[in-house]
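Containing mmCIF, C-alpha atoms: target_33.cif.
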```cif
data_work
#
loop_
_atom_site.label_atom_id
_atom_site.label_comp_id
_atom_site.auth_asym_id
_atom_site.auth_seq_id
_atom_site.Cartn_x
_atom_site.Cartn_y
_atom_site.Cartn_z
CA MET A 147 82.11 87.76 88.88
CA SER A 148 79.38 87.62 91.54
CA LEU A 149 80.17 88.95 95.01
CA LYS A 150 80.58 86.17 97.58
CA LEU A 151 80.29 87.30 101.19
CA TYR A 152 80.64 85.28 104.38
CA TYR A 153 79.31 86.18 107.83
CA ASP A 154 79.40 84.63 111.31
CA ASP A 155 76.88 81.92 110.44
CA ASP A 156 79.05 80.83 107.48
CA ALA A 157 82.13 80.21 109.64
CA ASN A 158 82.73 77.64 112.38
CA LEU A 159 85.45 77.94 115.00
CA PHE A 160 85.40 74.14 115.16
CA HIS A 161 87.98 74.19 112.37
CA LEU A 162 90.48 75.87 114.72
CA GLU A 163 89.57 74.09 117.96
CA SER A 164 92.08 71.30 117.49
CA ARG A 165 94.67 73.48 115.75
CA LYS A 166 97.46 75.60 117.18
CA VAL A 167 98.05 78.99 115.53
CA ALA A 168 101.32 80.91 115.38
CA VAL A 169 101.29 84.61 114.52
CA VAL A 170 104.65 85.68 113.11
CA GLY A 171 105.21 89.30 114.12
CA TYR A 172 103.65 91.56 116.73
CA GLY A 173 103.21 94.86 114.93
CA SER A 174 99.97 96.59 113.97
CA GLN A 175 98.24 93.51 112.55
CA GLY A 176 100.19 90.92 114.56
CA HIS A 177 99.11 92.12 117.97
CA ALA A 178 95.47 92.45 116.88
CA HIS A 179 95.31 88.96 115.36
CA ALA A 180 97.05 87.31 118.30
CA LEU A 181 94.88 88.98 120.94
CA ASN A 182 91.64 88.44 119.04
CA LEU A 183 92.50 84.78 118.41
CA ARG A 184 93.27 84.30 122.08
CA ASP A 185 90.04 85.95 123.16
CA SER A 186 88.14 83.68 120.77
CA GLY A 187 89.54 80.63 122.54
CA VAL A 188 92.20 79.71 119.98
CA ASP A 189 95.49 78.20 121.12
CA VAL A 190 97.85 80.90 119.86
CA ALA A 191 101.52 81.85 120.19
CA VAL A 192 103.54 84.77 118.84
CA ALA A 193 106.71 84.20 116.82
CA LEU A 194 109.41 86.79 117.45
CA PRO A 195 113.22 86.81 117.48
CA ALA A 196 114.69 86.13 120.90
CA GLU A 197 116.05 89.70 121.02
CA SER A 198 112.82 91.39 119.87
CA ARG A 199 111.64 94.30 122.02
CA SER A 200 108.05 93.26 121.23
CA ARG A 201 108.44 90.10 123.30
CA ALA A 202 107.93 91.94 126.58
CA ARG A 203 104.78 93.59 125.24
CA ALA A 204 103.32 90.29 124.00
CA GLU A 205 104.18 88.47 127.20
CA ALA A 206 102.63 91.26 129.25
CA GLU A 207 99.40 90.50 127.39
CA GLY A 208 99.67 86.89 128.54
CA LEU A 209 100.80 85.52 125.18
CA THR A 210 103.37 82.78 124.70
CA CYS A 211 106.39 83.78 122.60
CA MET A 212 108.61 81.53 120.50
CA THR A 213 111.13 81.96 117.74
CA ALA A 214 109.74 81.60 114.22
CA ALA A 215 111.31 78.16 113.83
CA GLU A 216 109.92 76.96 117.15
CA ALA A 217 106.49 78.33 116.29
CA ALA A 218 106.46 76.70 112.87
CA GLU A 219 107.28 73.34 114.41
CA TRP A 220 104.64 73.77 117.13
CA ALA A 221 101.78 75.26 115.12
CA ASP A 222 99.28 73.82 112.66
CA VAL A 223 98.53 77.24 111.15
CA VAL A 224 101.25 79.86 110.68
CA MET A 225 100.12 83.42 109.90
CA MET A 226 102.86 85.68 108.53
CA LEU A 227 102.31 89.26 109.68
CA VAL A 228 105.73 90.77 109.07
CA PRO A 229 106.47 93.12 106.14
CA GLU A 230 106.33 91.22 102.84
CA GLU A 231 109.90 92.17 101.92
CA LYS A 232 111.01 90.00 104.87
CA HIS A 233 108.85 87.00 103.99
CA ARG A 234 111.39 85.07 101.92
CA GLU A 235 114.15 85.16 104.52
CA ILE A 236 111.86 84.14 107.38
CA PHE A 237 109.99 81.55 105.36
CA GLU A 238 113.04 79.82 103.92
CA ASN A 239 115.21 79.97 107.04
CA ASP A 240 112.67 79.40 109.81
CA LEU A 241 109.32 78.15 108.54
CA LEU A 242 109.88 75.91 105.50
CA PRO A 243 111.72 73.08 107.31
CA HIS A 244 108.65 72.58 109.52
CA MET A 245 105.84 73.09 107.00
CA LYS A 246 104.71 69.49 106.63
CA ALA A 247 101.51 67.96 105.24
CA GLY A 248 98.47 68.89 107.28
CA LYS A 249 99.74 72.37 108.13
CA ALA A 250 98.62 75.71 106.74
CA LEU A 251 100.43 78.92 105.84
CA ALA A 252 98.42 82.14 106.03
CA VAL A 253 99.13 85.72 104.99
CA ALA A 254 97.27 89.02 105.23
CA HIS A 255 98.48 90.26 101.82
CA GLY A 256 99.11 88.11 98.76
CA PHE A 257 102.30 89.86 97.57
CA SER A 258 104.94 87.30 98.53
CA VAL A 259 102.95 84.29 97.34
CA HIS A 260 101.60 85.86 94.16
CA PHE A 261 104.99 87.17 93.03
CA GLY A 262 106.87 84.01 94.00
CA GLU A 263 108.89 85.44 96.85
CA ILE A 264 107.90 82.35 98.79
CA ASN A 265 106.99 78.97 97.32
CA PRO A 266 105.05 76.88 99.83
CA PRO A 267 105.24 73.10 99.49
CA ALA A 268 102.29 71.60 97.62
CA GLU A 269 101.17 69.45 100.55
CA ILE A 270 100.13 72.38 102.80
CA ASP A 271 97.15 74.71 102.70
CA VAL A 272 97.83 78.34 101.80
CA PHE A 273 95.21 80.99 102.44
CA MET A 274 94.83 84.71 102.99
CA ILE A 275 92.80 86.67 105.52
CA ALA A 276 93.24 90.38 104.88
CA PRO A 277 91.40 92.79 107.21
CA LYS A 278 90.55 96.03 105.42
CA GLY A 279 91.72 98.23 108.24
CA PRO A 280 94.77 98.89 110.44
CA GLY A 281 95.53 96.57 113.34
CA HIS A 282 94.44 98.92 116.11
CA THR A 283 91.02 99.11 114.43
CA VAL A 284 90.84 95.33 114.09
CA ARG A 285 91.48 95.03 117.82
CA ARG A 286 89.24 97.90 118.91
CA GLU A 287 86.24 96.76 116.86
CA TYR A 288 86.61 93.17 118.10
CA VAL A 289 86.68 94.33 121.73
CA ASN A 290 83.61 96.48 121.05
CA GLY A 291 81.72 93.43 119.76
CA SER A 292 82.01 94.39 116.10
CA GLY A 293 84.60 93.69 113.43
CA VAL A 294 86.50 94.96 110.40
CA PRO A 295 85.58 93.62 106.94
CA ALA A 296 88.17 91.27 105.49
CA LEU A 297 89.12 89.44 102.32
CA VAL A 298 89.57 85.67 102.06
CA ALA A 299 91.39 83.74 99.35
CA VAL A 300 92.71 80.21 99.00
CA HIS A 301 95.92 79.62 97.05
CA GLN A 302 96.39 75.93 97.90
CA ASN A 303 93.74 73.57 99.23
CA ALA A 304 95.81 70.50 100.08
CA SER A 305 93.56 69.41 102.94
CA GLY A 306 90.29 70.04 101.17
CA ASN A 307 89.28 72.27 104.09
CA ALA A 308 91.39 75.37 103.49
CA LEU A 309 88.43 77.71 103.04
CA ASP A 310 86.77 76.39 106.22
CA ILE A 311 89.98 76.95 108.19
CA ALA A 312 90.39 80.42 106.69
CA LEU A 313 86.82 81.42 107.55
CA ALA A 314 87.27 80.10 111.09
CA TYR A 315 90.37 82.29 111.38
CA ALA A 316 88.43 85.27 110.01
CA LYS A 317 85.68 84.65 112.56
CA ALA A 318 88.20 84.41 115.40
CA ILE A 319 89.57 87.88 114.64
CA GLY A 320 86.11 89.41 114.15
CA GLY A 321 86.04 89.68 110.36
CA THR A 322 82.84 87.69 109.79
CA ARG A 323 80.95 90.03 112.11
CA ALA A 324 81.32 92.69 109.43
CA GLY A 325 81.57 90.51 106.30
CA VAL A 326 84.35 88.63 104.52
CA ILE A 327 84.62 88.93 100.74
CA GLU A 328 86.02 86.04 98.71
CA THR A 329 88.72 86.97 96.21
CA THR A 330 91.96 85.57 94.77
CA PHE A 331 95.61 86.18 95.64
CA ARG A 332 96.15 87.84 92.26
CA GLU A 333 93.17 90.15 92.53
CA GLU A 334 93.88 91.22 96.12
CA THR A 335 97.57 91.81 95.48
CA GLU A 336 97.31 93.74 92.25
CA THR A 337 94.34 95.89 93.25
CA ASP A 338 95.89 96.64 96.64
CA LEU A 339 99.18 97.78 95.11
CA PHE A 340 97.38 99.83 92.47
CA GLY A 341 95.11 101.52 95.00
CA GLU A 342 98.08 102.45 97.17
CA GLN A 343 100.13 103.84 94.32
CA ALA A 344 97.52 105.51 92.12
CA VAL A 345 95.13 106.87 94.75
CA LEU A 346 95.55 106.26 98.47
CA CYS A 347 99.22 107.11 98.88
CA GLY A 348 100.96 108.11 95.65
CA GLY A 349 98.03 109.82 93.96
CA VAL A 350 96.75 111.71 96.98
CA THR A 351 100.15 112.91 98.20
CA ARG A 352 101.16 114.21 94.76
CA LEU A 353 97.81 115.91 94.28
CA VAL A 354 98.07 117.60 97.68
CA GLN A 355 101.69 118.67 97.22
CA ASN A 356 101.09 120.02 93.72
CA ALA A 357 98.00 121.93 94.83
CA PHE A 358 99.90 123.38 97.82
CA GLU A 359 102.75 124.47 95.57
CA THR A 360 100.34 126.00 93.03
CA LEU A 361 98.83 128.23 95.71
CA THR A 362 102.08 129.20 97.41
CA ASP A 363 103.78 129.87 94.06
CA ALA A 364 100.89 132.23 93.29
CA GLY A 365 101.61 134.17 96.49
CA TYR A 366 99.05 132.70 98.89
CA SER A 367 100.15 131.95 102.44
CA PRO A 368 101.37 128.42 103.27
CA ALA A 369 98.84 128.25 106.12
CA MET A 370 95.89 128.91 103.82
CA ALA A 371 97.28 126.48 101.25
CA TYR A 372 97.68 123.83 103.96
CA PHE A 373 94.10 124.22 105.20
CA GLU A 374 92.55 124.18 101.73
CA CYS A 375 94.64 121.41 100.17
CA LEU A 376 95.45 119.06 103.05
CA HIS A 377 93.52 119.73 106.26
CA GLU A 378 90.07 119.72 104.66
CA LEU A 379 90.87 116.53 102.74
CA LYS A 380 89.82 114.51 105.79
CA LEU A 381 86.33 116.03 105.68
CA ILE A 382 85.92 115.00 102.05
CA THR A 383 87.34 111.49 102.44
CA ASP A 384 85.21 110.88 105.54
CA LEU A 385 82.12 111.83 103.57
CA MET A 386 83.09 109.53 100.70
CA TRP A 387 83.92 106.68 103.11
CA GLU A 388 80.59 107.15 104.85
CA GLY A 389 78.39 107.00 101.77
CA GLY A 390 80.27 107.19 98.49
CA LEU A 391 80.92 110.06 96.08
CA ALA A 392 77.24 111.01 96.02
CA ASN A 393 77.24 111.43 99.81
CA MET A 394 80.17 113.84 99.56
CA ARG A 395 78.57 115.82 96.74
CA PHE A 396 75.32 116.03 98.69
CA SER A 397 77.14 117.47 101.68
CA VAL A 398 79.29 120.16 100.08
CA SER A 399 78.05 123.47 98.69
CA ASN A 400 76.54 123.72 95.22
CA THR A 401 79.57 125.81 94.27
CA ALA A 402 81.94 123.05 95.34
CA GLU A 403 79.88 120.39 93.60
CA TYR A 404 79.84 122.38 90.34
CA GLY A 405 83.61 122.91 90.60
CA ASP A 406 84.00 119.16 91.12
CA TYR A 407 82.24 118.38 87.85
CA VAL A 408 83.85 121.05 85.66
CA SER A 409 87.38 121.35 87.09
CA GLY A 410 88.09 117.83 88.34
CA PRO A 411 88.37 116.40 84.80
CA ARG A 412 90.77 119.22 83.85
CA VAL A 413 93.17 118.20 86.63
CA VAL A 414 92.73 114.43 86.48
CA ASP A 415 92.37 114.03 82.73
CA GLU A 416 92.85 111.18 80.25
CA ASN A 417 96.62 111.54 80.53
CA VAL A 418 96.37 110.76 84.24
CA LYS A 419 94.26 107.70 83.46
CA LYS A 420 96.85 106.64 80.89
CA HIS A 421 99.59 106.91 83.53
CA MET A 422 97.42 104.90 85.93
CA GLN A 423 97.17 102.17 83.31
CA GLU A 424 100.96 102.18 83.03
CA VAL A 425 101.28 101.84 86.81
CA LEU A 426 98.83 98.92 86.74
CA GLN A 427 100.82 97.26 83.95
CA ASP A 428 104.01 97.50 86.01
CA ILE A 429 102.19 95.82 88.89
CA GLN A 430 100.62 93.10 86.75
CA ASP A 431 103.81 92.07 84.99
CA GLY A 432 105.79 92.01 88.24
CA ARG A 433 108.14 94.90 87.49
CA PHE A 434 107.11 96.89 90.55
CA ALA A 435 107.53 93.86 92.83
CA GLU A 436 110.93 93.08 91.31
CA ASN A 437 112.09 96.68 91.71
CA TRP A 438 110.86 96.94 95.29
CA ILE A 439 112.46 93.67 96.41
CA ALA A 440 115.72 94.68 94.71
CA GLU A 441 115.55 98.06 96.47
CA TYR A 442 115.00 96.39 99.84
CA ARG A 443 117.83 93.90 99.38
CA ALA A 444 120.19 96.70 98.35
CA GLY A 445 119.61 98.45 101.67
CA SER A 446 116.60 100.65 100.75
CA LYS A 447 118.88 103.61 99.98
CA ASN A 448 116.50 105.17 97.47
CA LEU A 449 113.56 104.70 99.85
CA HIS A 450 115.41 106.47 102.66
CA LYS A 451 116.49 109.27 100.30
CA LEU A 452 112.94 109.84 99.04
CA ARG A 453 111.57 109.66 102.58
CA ASP A 454 114.03 112.32 103.77
CA GLU A 455 113.40 114.59 100.79
CA ASN A 456 109.63 114.50 101.16
CA ALA A 457 109.82 115.04 104.92
CA LYS A 458 111.45 118.43 104.18
CA HIS A 459 108.66 119.64 101.89
CA PRO A 460 107.23 123.02 103.01
CA ILE A 461 103.80 121.46 103.52
CA GLU A 462 105.29 119.36 106.33
CA GLU A 463 106.84 122.41 107.99
CA ILE A 464 103.67 124.51 108.02
CA GLY A 465 101.58 121.49 108.94
CA LYS A 466 103.68 120.75 112.01
CA GLU A 467 103.42 124.38 113.12
CA LEU A 468 99.64 124.55 112.63
CA ARG A 469 98.97 121.22 114.35
CA SER A 470 100.90 122.47 117.40
CA LYS A 471 98.85 125.67 117.63
CA VAL A 472 95.34 124.85 116.42
CA ARG A 473 92.88 122.52 118.15
CA PHE A 474 91.22 120.31 115.60
CA PRO A 475 87.81 118.74 116.39
CA GLN A 476 87.32 114.99 116.74
CA SER A 477 85.46 113.39 113.86
CA LYS A 478 81.92 112.07 114.15
CA LYS A 479 79.39 110.96 111.58
CA LEU A 480 79.05 113.92 109.25
CA VAL A 481 75.77 113.25 107.48
CA GLN A 482 72.82 111.55 109.16
CA ASP A 483 70.79 109.20 106.98
CA SER A 484 67.65 111.19 107.83
CA GLU A 485 69.15 114.24 106.15
CA LYS A 486 69.53 112.59 102.76
CA GLY A 487 66.83 113.42 100.31
CA ALA A 488 66.12 116.77 101.96
CA ALA A 489 65.86 119.81 99.75
CA VAL A 490 69.15 121.53 99.02
#
```

Go ahead and render the structure in this file as structure tokens.
Amino acid sequence: MSLKLYYDDDANLFHLESRKVAVVGYGSQGHAHALNLRDSGVDVAVALPAESRSRARAEAEGLTCMTAAEAAEWADVVMMLVPEEKHREIFENDLLPHMKAGKALAVAHGFSVHFGEINPPAEIDVFMIAPKGPGHTVRREYVNGSGVPALVAVHQNASGNALDIALAYAKAIGGTRAGVIETTFREETETDLFGEQAVLCGGVTRLVQNAFETLTDAGYSPAMAYFECLHELKLITDLMWEGGLANMRFSVSNTAEYGDYVSGPRVVDENVKKHMQEVLQDIQDGRFAENWIAEYRAGSKNLHKLRDENAKHPIEEIGKELRSKVRFPQSKKLVQDSEKGAAV
């Protein structure tokens, strides 16, 4: 599949000029979307429960607040920016009665639509704008005149203009300044879940904890294990983020690079890849989504238990102590482009 990218010139705010937008939620993404939309000249309101503590914060920013039901009746475009496990309850109780022909439902992650947690009526547009960064970054980059790359996907195109409306929304929050990649709800949802579980969260945390335990079990100090297995991880990930795996390998010592090639495959071997394929299969066939929603609706007892257990891991104890005593430098660009290609 060829890569389709959209930039500022491909999007027109005209498609939002006559439309009112409601942002449901005022957390990390919610506050960024609402403020960026407002600053782009869009008629926007924030949907929050009457008792929400976030109302005061949103109103202090000059935003109008409504309940979700009020916002759904008022708005032409409703963007859901609350956790996906809460989508069904809010959608069915507050939004659905007001989602009539000509309106649009938007999400920043395809989970609830792709796995059938919510079933929008056929006569409305359904699209996704998913910034590839946390909300504070979405807001900061917009204010600085830049933007965070985003994904766009259309699930239902009832109006015939769903993609145009979605791109206008992306432009209004700054996404088209950086580039917006076209995808599908299925692709975004399944790759996002897999990345979180196999690498970004599940994979990395297990790798770090196991490496820490390997060193401390062998008699090395927890402080040294923390620095080598967790603290320096940021240096490596920053280098990879900045210019890929080759950029990281260029920047580390020859000894580290050689160890990467010969020892990495011993740790992350074909058995790990096989387990990754099993994780992906659970995501693709909906088992993970089913289990997570069941866990949430049962009160998230296992989640809280696992959270508490992992918070007591020795790596957390030594990390807290070190971070309170050691001054860590602020990150800047680690490798200048002019340095690449220089002799090692």

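Comparing A:Pro277, A:Gly306, A:Gly432, A:Gly176 by their smallest distance to His260 (chain A), the closest is A:Gly432 (using all atoms listed in the file).
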
*What separation in Å, quoted to one decimal, exists between CA of Thr335 (chain A) and CA of Val169 (chain A)?*
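Distance reported for this atom pair: 20.7 Å.
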
*Just the residues within 12 Å of Lys150 (chain A), please, counting all atoms listed in the file, with nothing from its chain fewer than 5 positions along; format it as a ChimeraX atom specification.*
/A:156,297-299,325-330

_Neighbour list for Phe340 (chain A) as a ChimeraX atom specification, cut-off 8 Å, only C-alpha atoms, skip fewer than 5 positions in-chain_ = /A:345,425-426,429

*Find, counting only C-alpha atoms, the residue in A:Arg412, A:His421, A:Lys232, A:His244 that gets nearest to Gln343 (chain A).*
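Smallest separation from Gln343 (chain A) among the options: A:His421.
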
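Interatomic distance, CA of Ala193 (chain A) to CA of Val224 (chain A): 9.3 Å.
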
_Here's the selection I'm unsure about, the PyMOL selection byres ((chain A and resi 274) around 9); applied to the file above, which residues does it give, as a list in words?_
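That expression, the PyMOL selection byres ((chain A and resi 274) around 9), corresponds here to Met225, Leu251, Ala252, Val253, Ala254, His255, Gly256, Val272, Phe273, Ile275, Ala276, Leu297, Val298, Ala299, Val300, His301, Ala312, Thr330 and Phe331 of chain A.
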
*Determine the nearest neighbour of Val354 (chain A) from the options A:Glu216, A:Asp154, A:Glu374, A:Glu455, counting only C-alpha atoms.*
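Counting only C-alpha atoms, the residue closest to Val354 (chain A) is A:Glu374.
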
*Between CA of Ser258 (chain A) and CA of Glu235 (chain A), what is the spacing in Å?*
11.2 Å

*For the file shown, what are the residues hit by the PyMOL selection byres ((chain A and resi 278) around 6), laid out as an MDAnalysis selection string?*
chainID A and resid 277 279 295:296

For the residues in that selection, give me C-alpha atoms as an mmCIF file, in the coordinates of the input.
```
data_model
loop_
_atom_site.group_PDB
_atom_site.id
_atom_site.type_symbol
_atom_site.label_atom_id
_atom_site.label_comp_id
_atom_site.auth_asym_id
_atom_site.auth_seq_id
_atom_site.Cartn_x
_atom_site.Cartn_y
_atom_site.Cartn_z
ATOM 1 C CA PRO A 277 91.400 92.790 107.210
ATOM 2 C CA GLY A 279 91.720 98.230 108.240
ATOM 3 C CA PRO A 295 85.580 93.620 106.940
ATOM 4 C CA ALA A 296 88.170 91.270 105.490
#
```

Around region 412-415 of chain A, with edges along x, y and z and 4 Å added on all six sides, what centre and edge lengths do you get, in Å to one decimal, as lines of an AutoDock Vina configuration file?
```
center_x = 92.0
center_y = 116.6
center_z = 84.7
size_x = 10.4
size_y = 13.2
size_z = 11.9
```

*asked:* Just want the 10 Å neighbourhood of region 363-371 of chain A, counted on all atoms listed in the file, with same-chain residues fewer than 2 positions away dropped. Output as a ChimeraX atom specification.
replied: /A:354-355,357-361,373-377,460-461,463-465,467-468

*When the PyMOL selection byres ((chain A and resi 247) around 7) is applied to the file above, which residues end up in the set, as a list in words?*
Met245, Lys246, Gly248, Lys249, Glu269 and Ile270 of chain A

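Nearest residue to Ile236 (chain A), choosing from A:Gly390, A:Gly187, A:Gly171, A:Pro267 and counting all atoms listed in the file: A:Gly171.
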
_Could you check the closest approach to Ser164 (chain A) for each of A:Leu151, A:Ala316, A:Ala221, A:Ala204 and tell me which residue wins, using all atoms listed in the file?_
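For Ser164 (chain A), the nearest of the given residues is A:Ala221.
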